[in-house]
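J.: Sharing a structure here in structure tokens format.
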Amino acid sequence: MTRRVLAHTAFALLVAAPACVAATAAEETEDAAAKAKRFNYEDVFNLELVNDPRISPDGRRVVYVRTSMDIMKDQPRANLWIINSDGTENRPLLSSRQSYSSPRWSPDGNRLAYISGSEGSPQMYVRWMDSGQTALISNLTKAPGSLTWSPDGRWIAFTMFVPKEKDPLAKPPAKPEGAEWAPPVKVIDTMVYRADGEGFLESGFTHVFLVPAQGGTPRQLTRDDFNHGGSLSWTPDSNRILFSANRASDWEYDPVESEVFSVSVESGELQQLTTRNGPDYGAAVSPDGKRIAYVGFDDREQGYQISRLYVMNVDGSGARQWLASLDRDVDNVSWQGDSRGVYFQYDDHGVRKIGFVDVGGRMRVVAEGIGGNDLGRPYTSGAFTVARNDALAFSINTSQRPAELAVSSGRGAVRQLTQLNEDLFGHKVLGEVRKITWKSSHDGREIEGWVAAPPDFDAEKKYPLILEIHGGPFAAYGPNYSTEVQLFAAAGYMVLYTNTRGSTSYGEEFGNLIHHNYPGNDYDDLMSGVDAVIAEGHVDADNLFVTGGSGGGVLTAWIVGKTDRFRAAVVAKPVINWTSFALTSDATNFFYKYWFPGYPWDKQEQYWNRSPLSLAGNVSTPTMLLTGEADYRTPISESEQFYQALKLRKVDTVMVRVPEASHELVGRPSNLIAKVANIVAWFEKHRTEESKK
């Protein structure tokens, strides 16, 4: 019912009804007004956020991707906007019902390259910033990626998938003209043959290409049956391009391995610059052309391994680690304009930060609170770019707002430039989010989490609690914006979300506490967290609920097999049986040797003992299974196993299948709404009647 209808109904009752009825109508009107101020499902389509901020080479302007939700197509829509670094003249650059992405400034700042499918398939365009004239510079058969200008402004390097035809295993007879035969068989002979979000993979490889910035014929620079790509970086003389690749003969069986290579623009000659056992990637050449910064680690086949910052000479010699004392993952390295230091990003206690380290090893924090690009759950996210004068542009967020655009001088204060969601949230009351810590019952280790309260929280009341568990499991939540958390809070629930052992952003030792032991004592961390929130006195201990997705789905299924303290659970896109998962996931070549000590047939006991299915005989908690039907990371067959097991035991169980959805599950706005709405409906069904009053 709309607010207009509610108001009209209340007015009619006031005119015609006795005083007691009038009072009731007034209360209903007041309640409706309060609900209108809460975040609701329809508001999801009104969300906007900043993505991929790109500061101009002189630091004076920023182009960013402004993402909004198209309610008619049920898809995010990306347009390009531009704003001065002082916050003035925020205006559209390319704005329509079409999407535009990957804006990249030319070295002189006079042109902007970008990708758009506005005329059909995704292609590259260049826009002259003074006149607004735009040229289509490619006619590609596959989508381009990793657009990178040459320092002299003459070329744009990019990556693209190149299909490779395979001879058929068997040649069937030709079908008669007009005959309707079954589709041809698929013959698969590769290790990884399907990928989440992509489906069954076409045969072929990703290569590095070059195209004139004025438009022309693309030229393929890399060859052979290997994948080449990642981020691209040019040497200052515009003669070579750096990228990462695994060109080993057994590359299909070593998903972590990669090395830094460079390729000659003139001849296509390759030079391998790193040789370690482990990944090396994200290479960036210094402006003076003398050194290369990159990230990587020595592979020890652990579940969690810290990516560290390295610097080597431009010929690959003299590699050395910088920031050896920083026990955090380093990513997105960018050189200072004078080549005397490196900017980078890292996560610390659930907060994404931008750091800087000079050639002497001195580090400082430039900015923090980066993120807000994950609309669903409060994961760490976000990125930055840096200009020649050390001005930076990045996305920034709080628990109350998705990603906005911010800038910094590199040493000065952070300045937020946009307020994209004030038209939506300016008249809404959101749930307040606060940090909480507690000691795990397993070993007394301090665990960190956050509690979201319902809007208009009343300390004299007790509220039902949702324990919401992150996936990964090597990932991190933080004090970041989350649509799902806010919708749970708006429905009247307190929400606890946590970074239990195994979470990133707390160091390598903390992350590897679950190495070959997941799920395990993270269960104790979670139960201790629930106890800590209950002890504060605002939670109805008779109305506890639990949910989580992916790794959080694993833990949710594990929890209901270990305890009956929760009135209901929603297990989203889980692993239920580690053996079937290891052999059906889209990363079969990874999980068996990084998350387990060997093949399922050699380590049967460990695979089974860590499977939630092993505890199915204990489950009495009403449990919903929720998974995308096109999920190839944790295939829906995992959910089906648990659903059937609980049905056989006559446990109150339902399975919610999301058509066409991949592991991301909430890639379309309506799917995000459906996910939360079904979770809330399941929990409401199982709340005590007393708590609903």
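Naming scheme: A, B, ... for chains in displayed order of the structure tokens; residues 1 onward per chain; ligands 1 onward as shown.
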Residues at most 12 Å from Pro218 in chain A, counting only C-alpha atoms, excluding those fewer than 3 positions away in the same chain, as a PyMOL selection string?
T.: chain A and resi 123-124+137-141+144+155-160+207-215+221
J.: In range 376-524 of chain A, what's alpha helix (DSSP H) per DSSP? Answer as a list in words?
T.: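 These are the residues in question: Glu422, Asp423, Leu424, Phe425, Thr483, Glu484, Val485, Gln486, Leu487, Phe488, Ala489, Ala490, Glu508, Glu509, Phe510, Gly511, Asp522, Tyr523 and Asp524 of chain A.
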J.: Got a sec to tell me which of range 455-510 of chain A DSSP assigns to strand (DSSP E), as an mmCIF file with C-alpha atoms, in the first residue's frame?
T.:
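Okay, this is what ended up in states_15.cif:
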data_model
loop_
_atom_site.group_PDB
_atom_site.id
_atom_site.type_symbol
_atom_site.label_atom_id
_atom_site.label_comp_id
_atom_site.auth_asym_id
_atom_site.auth_seq_id
_atom_site.Cartn_x
_atom_site.Cartn_y
_atom_site.Cartn_z
ATOM 1 C CA TYR A 463 15.309 -7.556 19.279
ATOM 2 C CA PRO A 464 15.712 -10.764 17.262
ATOM 3 C CA LEU A 465 19.284 -11.286 16.076
ATOM 4 C CA ILE A 466 20.668 -12.392 12.700
ATOM 5 C CA LEU A 467 24.207 -13.768 12.636
ATOM 6 C CA GLU A 468 25.422 -13.038 9.071
ATOM 7 C CA ILE A 469 28.639 -14.858 8.051
ATOM 8 C CA MET A 494 19.817 -6.692 15.003
ATOM 9 C CA VAL A 495 22.592 -8.015 12.761
ATOM 10 C CA LEU A 496 25.972 -9.346 13.864
ATOM 11 C CA TYR A 497 28.638 -9.749 11.183
ATOM 12 C CA THR A 498 32.173 -10.767 12.013
ATOM 13 C CA ASN A 499 35.725 -11.472 10.921
#
J.: Extract, using only C-alpha atoms, all DNA, RNA and protein residues at most 8 Å from range 288-291 of chain A, discarding same-chain residues fewer than 2 positions from it, and format them as a PyMOL selection string.
T.: chain A and resi 235-236+285-286+293+311-314+338-339
J.: Store the residues picked out above in a file with C-alpha atoms, as a PDB file, in the first residue's frame.
T.:
ATOM      1  CA  THR A 235      58.228   1.216 -20.270  1.00  0.00           C
ATOM      2  CA  PRO A 236      58.662   5.019 -20.554  1.00  0.00           C
ATOM      3  CA  VAL A 285      57.340   0.449 -14.308  1.00  0.00           C
ATOM      4  CA  SER A 286      58.691   3.543 -12.536  1.00  0.00           C
ATOM      5  CA  ALA A 293      57.228  -2.684  -8.617  1.00  0.00           C
ATOM      6  CA  VAL A 311      60.866  -4.002  -6.517  1.00  0.00           C
ATOM      7  CA  MET A 312      63.401  -5.085  -9.151  1.00  0.00           C
ATOM      8  CA  ASN A 313      65.511  -3.430 -11.801  1.00  0.00           C
ATOM      9  CA  VAL A 314      63.871  -2.988 -15.180  1.00  0.00           C
ATOM     10  CA  ASP A 338      59.316  11.305  -9.270  1.00  0.00           C
ATOM     11  CA  SER A 339      59.948   7.525  -8.926  1.00  0.00           C
TER      12      SER A 339
END
J.: With only C-alpha atoms as the basis for distance, which of A:Ser691, A:Thr556, A:Ser637, A:Ser482 is at the shortest distance from Val539 in chain A?
T.: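 Closest to Val539 in chain A of all the choices is A:Ser691.
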J.: Identify, on the basis of only C-alpha atoms, every residue whose closest approach to range 264-274 of chain A does not exceed 7 Å; exclude the query and any residue fewer than 4 positions from it along the same chain; express the result as a PyMOL selection string.
T.: chain A and resi 221-222+239-241+259-260+315-316
J.: May I have the residues from that selection written out with C-alpha atoms, as a CSV table (one decimal), in the first residue's frame?
T.:
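Written file, part.csv:
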chain,number,residue,atom,x,y,z
A,221,LEU,CA,51.8,-9.2,-29.5
A,222,THR,CA,51.7,-12.5,-27.6
A,239,ASN,CA,59.0,0.1,-26.5
A,240,ARG,CA,57.9,-2.7,-24.2
A,241,ILE,CA,54.7,-3.8,-22.3
A,259,GLU,CA,55.6,-14.6,-13.8
A,260,VAL,CA,56.2,-11.1,-14.9
A,315,ASP,CA,65.8,-5.9,-16.6
A,316,GLY,CA,64.5,-8.2,-13.8
J.: Identify, on the basis of only C-alpha atoms, every residue whose closest approach to Glu448 in chain A does not exceed 10 Å; exclude the query and any residue fewer than 6 positions from it along the same chain; express the result as a short mmCIF file (atom, residue, chain, number, x, y, z; two decimals) with all heavy atoms, in the first residue's frame.
T.:
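Saved file part.cif follows:
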data_model
loop_
_atom_site.label_atom_id
_atom_site.label_comp_id
_atom_site.auth_asym_id
_atom_site.auth_seq_id
_atom_site.Cartn_x
_atom_site.Cartn_y
_atom_site.Cartn_z
N HIS A 349 42.23 -4.82 9.54
CA HIS A 349 41.09 -4.94 10.45
C HIS A 349 39.78 -4.55 9.76
O HIS A 349 38.96 -3.82 10.30
CB HIS A 349 41.31 -4.08 11.70
CG HIS A 349 42.33 -4.67 12.64
ND1 HIS A 349 41.99 -5.35 13.78
CD2 HIS A 349 43.68 -4.71 12.58
CE1 HIS A 349 43.07 -5.77 14.40
NE2 HIS A 349 44.12 -5.40 13.68
N GLY A 350 39.60 -5.06 8.54
CA GLY A 350 38.37 -4.84 7.81
C GLY A 350 38.24 -3.49 7.15
O GLY A 350 37.20 -3.19 6.57
N LYS A 435 31.26 -1.18 16.15
CA LYS A 435 32.24 -2.25 16.29
C LYS A 435 32.09 -2.94 17.64
O LYS A 435 31.73 -2.32 18.64
CB LYS A 435 33.65 -1.67 16.15
CG LYS A 435 34.78 -2.67 16.26
CD LYS A 435 36.11 -1.95 16.07
CE LYS A 435 37.29 -2.86 16.33
NZ LYS A 435 38.57 -2.14 16.18
N ILE A 436 32.38 -4.24 17.65
CA ILE A 436 32.37 -5.01 18.90
C ILE A 436 33.50 -6.02 18.84
O ILE A 436 33.84 -6.53 17.77
CB ILE A 436 31.00 -5.73 19.10
CG1 ILE A 436 30.98 -6.50 20.42
CG2 ILE A 436 30.69 -6.65 17.93
CD1 ILE A 436 29.61 -7.11 20.75
N THR A 437 34.14 -6.29 19.96
CA THR A 437 35.16 -7.34 20.04
C THR A 437 34.83 -8.27 21.19
O THR A 437 34.14 -7.88 22.14
CB THR A 437 36.57 -6.75 20.24
OG1 THR A 437 36.60 -6.01 21.46
CG2 THR A 437 36.96 -5.83 19.09
N TRP A 438 35.35 -9.50 21.11
CA TRP A 438 35.13 -10.48 22.17
C TRP A 438 36.25 -11.51 22.12
O TRP A 438 37.04 -11.56 21.16
CB TRP A 438 33.77 -11.17 22.00
CG TRP A 438 33.63 -11.93 20.71
CD1 TRP A 438 33.93 -13.23 20.47
CD2 TRP A 438 33.13 -11.41 19.46
NE1 TRP A 438 33.66 -13.58 19.17
CE2 TRP A 438 33.18 -12.48 18.52
CE3 TRP A 438 32.65 -10.16 19.04
CZ2 TRP A 438 32.76 -12.31 17.20
CZ3 TRP A 438 32.26 -10.02 17.74
CH2 TRP A 438 32.31 -11.08 16.83
N LYS A 439 36.32 -12.34 23.15
CA LYS A 439 37.31 -13.40 23.22
C LYS A 439 36.67 -14.71 22.78
O LYS A 439 35.58 -15.07 23.24
CB LYS A 439 37.84 -13.55 24.65
CG LYS A 439 38.47 -12.29 25.23
CD LYS A 439 39.77 -11.93 24.52
CE LYS A 439 40.44 -10.74 25.20
NZ LYS A 439 41.69 -10.36 24.51
N TYR A 477 34.96 -8.68 6.12
CA TYR A 477 33.95 -7.64 6.29
C TYR A 477 34.59 -6.44 6.98
O TYR A 477 35.71 -6.53 7.50
CB TYR A 477 32.80 -8.16 7.15
CG TYR A 477 31.76 -9.00 6.45
CD1 TYR A 477 30.87 -9.78 7.20
CD2 TYR A 477 31.62 -9.00 5.07
CE1 TYR A 477 29.88 -10.54 6.58
CE2 TYR A 477 30.63 -9.76 4.44
CZ TYR A 477 29.76 -10.53 5.22
OH TYR A 477 28.79 -11.27 4.60
N GLY A 478 33.85 -5.36 6.98
CA GLY A 478 34.33 -4.17 7.68
C GLY A 478 33.19 -3.21 7.94
O GLY A 478 32.02 -3.52 7.67
N TYR A 497 27.75 -9.18 12.20
CA TYR A 497 28.64 -9.75 11.18
C TYR A 497 30.08 -9.63 11.67
O TYR A 497 30.43 -8.68 12.36
CB TYR A 497 28.41 -9.12 9.81
CG TYR A 497 28.69 -7.64 9.66
CD1 TYR A 497 29.96 -7.19 9.28
CD2 TYR A 497 27.69 -6.68 9.84
CE1 TYR A 497 30.21 -5.84 9.10
CE2 TYR A 497 27.93 -5.33 9.65
CZ TYR A 497 29.20 -4.91 9.29
OH TYR A 497 29.46 -3.57 9.11
N THR A 498 30.90 -10.61 11.32
CA THR A 498 32.17 -10.77 12.01
C THR A 498 33.31 -11.13 11.06
O THR A 498 33.09 -11.55 9.93
CB THR A 498 32.07 -11.89 13.07
OG1 THR A 498 32.17 -13.15 12.40
CG2 THR A 498 30.77 -11.85 13.83
N ASN A 499 34.52 -10.96 11.58
CA ASN A 499 35.72 -11.47 10.92
C ASN A 499 36.36 -12.52 11.84
O ASN A 499 37.23 -12.22 12.65
CB ASN A 499 36.72 -10.34 10.64
CG ASN A 499 36.32 -9.50 9.44
OD1 ASN A 499 35.57 -9.95 8.57
ND2 ASN A 499 36.80 -8.28 9.39
N THR A 500 35.88 -13.75 11.71
CA THR A 500 36.41 -14.83 12.53
C THR A 500 37.77 -15.26 12.00
O THR A 500 38.23 -14.80 10.94
CB THR A 500 35.46 -16.04 12.50
OG1 THR A 500 35.27 -16.43 11.13
CG2 THR A 500 34.12 -15.69 13.10
N ARG A 501 38.42 -16.17 12.71
CA ARG A 501 39.72 -16.68 12.26
C ARG A 501 39.62 -17.18 10.83
O ARG A 501 38.62 -17.76 10.42
CB ARG A 501 40.23 -17.78 13.20
CG ARG A 501 39.38 -19.03 13.26
CD ARG A 501 39.82 -19.94 14.39
NE ARG A 501 39.58 -19.27 15.67
CZ ARG A 501 40.36 -19.40 16.75
NH1 ARG A 501 41.39 -20.22 16.71
NH2 ARG A 501 40.09 -18.75 17.86
N ASP A 525 34.41 -19.06 17.49
CA ASP A 525 34.46 -17.60 17.38
C ASP A 525 33.06 -17.03 17.20
O ASP A 525 32.68 -16.02 17.82
CB ASP A 525 35.33 -17.18 16.19
CG ASP A 525 36.76 -17.65 16.29
OD1 ASP A 525 37.18 -18.08 17.39
OD2 ASP A 525 37.47 -17.58 15.27
N GLY A 529 30.74 -14.76 19.72
CA GLY A 529 30.24 -13.45 19.31
C GLY A 529 28.76 -13.28 19.58
O GLY A 529 28.32 -12.21 20.05
#
J.: Rounded to one decimal, what separation in Å do you get between CA of Thr134 in chain A and CA of Ser238 in chain A?
T.: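 Atom-to-atom, CA of Thr134 in chain A to CA of Ser238 in chain A, that is 24.1 Å.
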J.: For Arg377 in chain A, list every protein, DNA or RNA residue within 7 Å, evaluated using only C-alpha atoms, and leave out those in the same chain fewer than 2 positions away; present the list as a PyMOL selection string.
T.: chain A and resi 374-375+379+482-485
J.: I'd like a table as a Markdown table: residues in range 520-556 of chain A with an atom no more than 9 Å from range 601-618 of chain A, each row giving the shortest atom pair and its distance in Å to one decimal, only C-alpha atoms counted, sorted by chain and rising residue number.
T.:
| residue | atom | partner | partner_atom | distance |
| --- | --- | --- | --- | --- |
| A:Gly520 | CA | A:Arg610 | CA | 7.8 |
| A:Val554 | CA | A:Pro612 | CA | 7.0 |
| A:Leu555 | CA | A:Pro612 | CA | 8.1 |
| A:Thr556 | CA | A:Pro612 | CA | 9.0 |
J.: Using only C-alpha atoms, which of the listed residues (A:Tyr310, A:Trp450, A:Phe488, A:Trp595) sits closest to Thr547 in chain A?
T.: A:Phe488
J.: Output as a Markdown table one row per residue of range 453-572 of chain A within 8 Å of range 392-404 of chain A: the closest atom pair and its distance in Å to one decimal place, counting only C-alpha atoms, sorted by chain and residue number ascending.
T.:
| residue | atom | partner | partner_atom | distance |
| --- | --- | --- | --- | --- |
| A:Pro479 | CA | A:Ser399 | CA | 5.4 |
| A:Asn480 | CA | A:Ser399 | CA | 4.3 |
| A:Tyr481 | CA | A:Ser399 | CA | 4.0 |
| A:Ser482 | CA | A:Ser399 | CA | 6.9 |
